[in-house]
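Undergrad: Before I ask anything, let me first share the structure, which is written out below as structure tokens.
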Amino acid sequence: MRRVSAIIVAAGEGRRFGFSKQFALLKGKSVLDWCLEKFEANKSVAEIILVLKDENLKGKFLSRYQKIVAVAKGGEKRQDSVLCGLQRIDPEKADIVLVHDGVRPLVGQDLIERVIAAAQENGAAVPAIPVEDTIKLIQKQEVRQTLEREGLFRIQTPQGFTYGILKHALDKAAQENFYGTDEASLVERTGKKVAVVAGDAKNIKITTRQDLRIAEALLED
């Protein structure tokens with residue numbers, strides 16, 4: 001088994017949510033704690049790098065999670081935060097790197113393992129869920145086009161990469177002042193193909209307070 005490092009990005013300010021949603025309570029513990037517990041328990045993950053907006057909070061996490069080897073201060077944007085986390089990984093030991101949103105608390109062990117396996121085989125991998133709704137392109141409050149949904153997918157995290165592929169993509173984006181929507185988009189623009197594995201409908205991203213209620217219901221299911 002190749003060495004696996006997990007970067008957990010939890011540096012968002014949660015402007016739409018009203019406060020940092022990674023610290024919102026879900027069944028009595030924070031969304032971020034739910035997330036960290038999943039990676040702490042995963043036997044394939046050797047270490048966790050936690051990225052926070054406020055480094056002063058690191059003590060409460062370092063004392064509870066043995067796999068957290070570093071806490072990095074987040075950057076201005078999510079992509080900057082991922083780079084800050086990557087810089088805390090020892091390049092001499094680095095191999096496979098997972099990047100996961102700290103606001104996806106219901107990530108399953110099977111999904112983590114699928115991404116790791118695909119990243120090991122292909123160098124880059126993302127989990128994806130097929131789009132089920134009708135998708136329309138809207139401009140100026142008018143429908144311009146109905147898109148063919150076959151072949152359209154929603155991309156989740158964790159996303160997995162070899163250290164070298166991710167570092168090259170992040171460095172290239174930084175040099176060219178390019179910001180992508182996720183790490184895979186940065187890798188794609190370097191010419192590297194990204195493999196796809198089956199995502200998990202329960203692996204939702206907490207964006208609104210309604211999402212918290214949905215997550216609670218999923219935990220009770």
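Chains: A, B, ... in order of the structure tokens. Residues: from 1 per chain. Ligands: from 1, in order shown.
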For stretch 171-187 of chain A, list every protein, DNA or RNA residue within 10 Å, evaluated using only C-alpha atoms, and leave out those in the same chain fewer than 3 positions away; present the list as a PyMOL selection string.
TA: chain A and resi 77-80+82-83+99+124-126+155-157+159-161+165-168+190-195
Undergrad: Let's have the selection written as a compact mmCIF listing (two decimals), in the first residue's frame, with N, CA and C atoms.
TA:
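Result went into again_13.txt, see below:
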```txt
# COMPACT_ATOMS: atom_id res chain seq x y z
N LYS A 77 -8.46 31.94 -0.89
CA LYS A 77 -9.46 31.11 -1.54
C LYS A 77 -9.17 29.65 -1.25
N ARG A 78 -10.16 28.80 -1.56
CA ARG A 78 -10.02 27.38 -1.27
C ARG A 78 -8.77 26.79 -1.91
N GLN A 79 -8.52 27.16 -3.15
CA GLN A 79 -7.35 26.65 -3.86
C GLN A 79 -6.06 27.01 -3.15
N ASP A 80 -6.01 28.23 -2.62
CA ASP A 80 -4.84 28.66 -1.85
C ASP A 80 -4.69 27.81 -0.59
N VAL A 82 -5.66 24.69 -0.19
CA VAL A 82 -5.17 23.36 -0.56
C VAL A 82 -3.65 23.40 -0.74
N LEU A 83 -3.15 24.45 -1.38
CA LEU A 83 -1.71 24.59 -1.57
C LEU A 83 -1.00 24.72 -0.23
N VAL A 99 -7.79 15.15 -1.17
CA VAL A 99 -8.26 16.48 -0.78
C VAL A 99 -9.76 16.37 -0.52
N ALA A 124 -4.84 10.28 -10.86
CA ALA A 124 -5.82 11.30 -10.50
C ALA A 124 -7.21 10.69 -10.58
N ALA A 125 -8.05 10.97 -9.58
CA ALA A 125 -9.39 10.38 -9.56
C ALA A 125 -10.36 11.24 -8.76
N VAL A 126 -11.62 11.24 -9.20
CA VAL A 126 -12.67 11.96 -8.50
C VAL A 126 -13.92 11.08 -8.41
N ILE A 155 -19.56 16.41 -9.13
CA ILE A 155 -18.29 15.90 -8.61
C ILE A 155 -18.21 16.16 -7.11
N GLN A 156 -17.74 15.15 -6.39
CA GLN A 156 -17.62 15.23 -4.94
C GLN A 156 -16.15 15.22 -4.52
N THR A 157 -15.95 15.20 -3.22
CA THR A 157 -14.64 14.92 -2.65
C THR A 157 -14.83 13.74 -1.70
N GLN A 159 -11.04 13.98 -3.54
CA GLN A 159 -10.40 13.80 -4.83
C GLN A 159 -8.97 13.32 -4.54
N GLY A 160 -8.49 12.38 -5.35
CA GLY A 160 -7.18 11.79 -5.08
C GLY A 160 -6.19 11.97 -6.21
N PHE A 161 -4.93 12.20 -5.86
CA PHE A 161 -3.88 12.44 -6.84
C PHE A 161 -2.55 11.93 -6.31
N ILE A 165 1.60 15.03 -9.34
CA ILE A 165 0.58 15.55 -10.25
C ILE A 165 -0.16 16.73 -9.63
N LEU A 166 -0.53 16.60 -8.35
CA LEU A 166 -1.26 17.69 -7.69
C LEU A 166 -0.37 18.91 -7.51
N LYS A 167 0.87 18.69 -7.10
CA LYS A 167 1.78 19.83 -6.90
C LYS A 167 2.02 20.58 -8.20
N HIS A 168 2.23 19.84 -9.28
CA HIS A 168 2.45 20.48 -10.58
C HIS A 168 1.24 21.32 -10.99
N THR A 190 -3.53 20.67 -17.10
CA THR A 190 -2.13 20.31 -17.36
C THR A 190 -2.05 19.22 -18.43
N GLY A 191 -3.22 18.70 -18.84
CA GLY A 191 -3.25 17.65 -19.84
C GLY A 191 -3.39 16.25 -19.28
N LYS A 192 -3.41 16.14 -17.96
CA LYS A 192 -3.54 14.85 -17.31
C LYS A 192 -5.00 14.41 -17.26
N LYS A 193 -5.28 13.16 -17.62
CA LYS A 193 -6.64 12.65 -17.55
C LYS A 193 -6.98 12.27 -16.11
N VAL A 194 -8.23 12.53 -15.75
CA VAL A 194 -8.71 12.26 -14.39
C VAL A 194 -9.72 11.11 -14.44
N ALA A 195 -9.46 10.06 -13.70
CA ALA A 195 -10.37 8.92 -13.65
C ALA A 195 -11.57 9.25 -12.77
```
Undergrad: Could you list, with a cut-off of 12 Å and counting only C-alpha atoms, the residues of stretch 101-210 of chain A near stretch 41-48 of chain A, each shown with its nearest atom pair and the distance in Å rounded to one decimal, rows sorted by chain and ascending number, as CSV?
TA:
```
residue,atom,partner,partner_atom,distance
A:Gly102,CA,A:Ile48,CA,11.9
A:Val107,CA,A:Asn42,CA,11.2
A:Gly108,CA,A:Asn42,CA,9.6
A:Gln109,CA,A:Asn42,CA,6.7
A:Asp110,CA,A:Asn42,CA,9.7
A:Leu111,CA,A:Asn42,CA,10.9
A:Ile112,CA,A:Asn42,CA,8.1
A:Glu113,CA,A:Ser44,CA,7.6
A:Arg114,CA,A:Ser44,CA,11.1
A:Val115,CA,A:Ser44,CA,11.2
A:Ile116,CA,A:Ser44,CA,8.3
A:Ala117,CA,A:Ser44,CA,10.1
A:Gln120,CA,A:Ser44,CA,12.0
A:Gly160,CA,A:Val45,CA,11.8
```
Undergrad: How would you write, as a PyMOL selection string, the set of residues in stretch 82-213 of chain A that DSSP gives as alpha helix (DSSP H)?
TA: chain A and resi 82-86+109-122+163-175+183-188+209-213
Undergrad: Between A:Leu26, A:Ser5, A:Glu150, A:Lys73, which one has atoms that come closest to A:Ala215, using only C-alpha atoms?
TA: A:Leu26
Undergrad: At a cut-off of 10 Å, using only C-alpha atoms, what residues contact A:Lys27? Leave out same-chain residues fewer than 5 positions from it and give the result as a list in words.
TA: Trp34, Leu212, Arg213, Ala215, Glu216, Leu219 and Glu220 of chain A
Undergrad: Can you measure atom CA of A:Ala6 to atom CA of A:Gly74 for me? One decimal in Å is fine.
TA: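 Between these atoms lies a distance of 15.3 Å.
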Undergrad: For atom CA of A:Gly85 and atom CA of A:Leu25, quote the distance in Å rounded to one decimal.
TA: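 A separation of 24.6 Å between them.
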Undergrad: With only C-alpha atoms as the atoms that count, which of A:Thr207, A:Ala11, A:Pro158, A:Ile68 lies nearest to A:Ala118?
TA: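 Counting only C-alpha atoms, the residue closest to A:Ala118 is A:Pro158.
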Undergrad: Quick check, in Å to one decimal: how far apart do atom CA of A:Ile96 and atom CA of A:Cys84 lie?
TA: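 Distance between the two atoms: 16.6 Å.
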Undergrad: Which neighbours of A:Tyr65 fall inside 8 Å, counting only C-alpha atoms, when residues of the same chain fewer than 4 positions from it are skipped, and could you give them as a list in words?
TA: Leu36, Glu37, Glu40 and Phe61 of chain A
Undergrad: Would you export the selected residues with all heavy atoms as a tab-separated table (two decimals), in the first residue's frame, please?
TA:
```
chain	number	residue	atom	x	y	z
A	36	LEU	N	-13.40	14.44	10.23
A	36	LEU	CA	-12.09	13.99	10.70
A	36	LEU	C	-12.13	12.56	11.22
A	36	LEU	O	-11.19	11.78	11.02
A	36	LEU	CB	-11.58	14.94	11.79
A	36	LEU	CG	-11.13	16.32	11.32
A	36	LEU	CD1	-10.90	17.24	12.51
A	36	LEU	CD2	-9.86	16.23	10.47
A	37	GLU	N	-13.22	12.22	11.88
A	37	GLU	CA	-13.35	10.86	12.41
A	37	GLU	C	-13.29	9.81	11.31
A	37	GLU	O	-12.75	8.72	11.51
A	37	GLU	CB	-14.64	10.73	13.21
A	37	GLU	CG	-14.60	11.45	14.55
A	37	GLU	CD	-15.92	11.37	15.29
A	37	GLU	OE1	-16.87	10.72	14.78
A	37	GLU	OE2	-16.00	11.93	16.39
A	40	GLU	N	-9.62	9.57	10.25
A	40	GLU	CA	-8.86	9.01	11.36
A	40	GLU	C	-9.05	7.48	11.42
A	40	GLU	O	-8.11	6.74	11.71
A	40	GLU	CB	-9.33	9.64	12.68
A	40	GLU	CG	-8.63	9.12	13.93
A	40	GLU	CD	-7.29	9.76	14.21
A	40	GLU	OE1	-6.96	10.78	13.55
A	40	GLU	OE2	-6.56	9.26	15.07
A	61	PHE	N	-7.99	20.12	18.07
A	61	PHE	CA	-8.00	18.99	17.13
A	61	PHE	C	-6.77	18.11	17.29
A	61	PHE	O	-6.87	16.88	17.23
A	61	PHE	CB	-8.12	19.51	15.70
A	61	PHE	CG	-9.40	20.24	15.43
A	61	PHE	CD1	-9.43	21.62	15.36
A	61	PHE	CD2	-10.59	19.54	15.28
A	61	PHE	CE1	-10.61	22.30	15.13
A	61	PHE	CE2	-11.78	20.21	15.05
A	61	PHE	CZ	-11.79	21.59	14.97
```
Undergrad: What's around A:Leu32 at 7 Å? Count only C-alpha atoms, leave out sequence neighbours fewer than 5 positions away in its own chain, and write the answer as a short mmCIF file (atom, residue, chain, number, x, y, z; two decimals) with N, CA and C atoms, in the first residue's frame.
TA:
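Final output, saved to result37.cif:
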```cif
data_model
loop_
_atom_site.label_atom_id
_atom_site.label_comp_id
_atom_site.auth_asym_id
_atom_site.auth_seq_id
_atom_site.Cartn_x
_atom_site.Cartn_y
_atom_site.Cartn_z
N GLN A 22 -18.38 24.52 9.01
CA GLN A 22 -17.65 23.33 9.45
C GLN A 22 -17.73 23.14 10.96
N PHE A 23 -18.10 24.22 11.67
CA PHE A 23 -18.23 24.13 13.13
C PHE A 23 -19.68 24.03 13.58
N GLY A 102 -14.03 19.88 4.30
CA GLY A 102 -14.35 19.69 5.71
C GLY A 102 -15.82 19.85 6.03
N VAL A 103 -16.63 20.11 5.00
CA VAL A 103 -18.07 20.23 5.20
C VAL A 103 -18.83 19.10 4.49
N PRO A 105 -19.50 15.76 5.87
CA PRO A 105 -19.32 14.93 7.06
C PRO A 105 -19.72 13.47 6.90
#
```
Undergrad: Identify which of the residues A:Pro130, A:Asp101, A:Arg3, A:Glu55 lies closest to A:Thr162, counting only C-alpha atoms when measuring atom-to-atom distances.
TA: A:Arg3
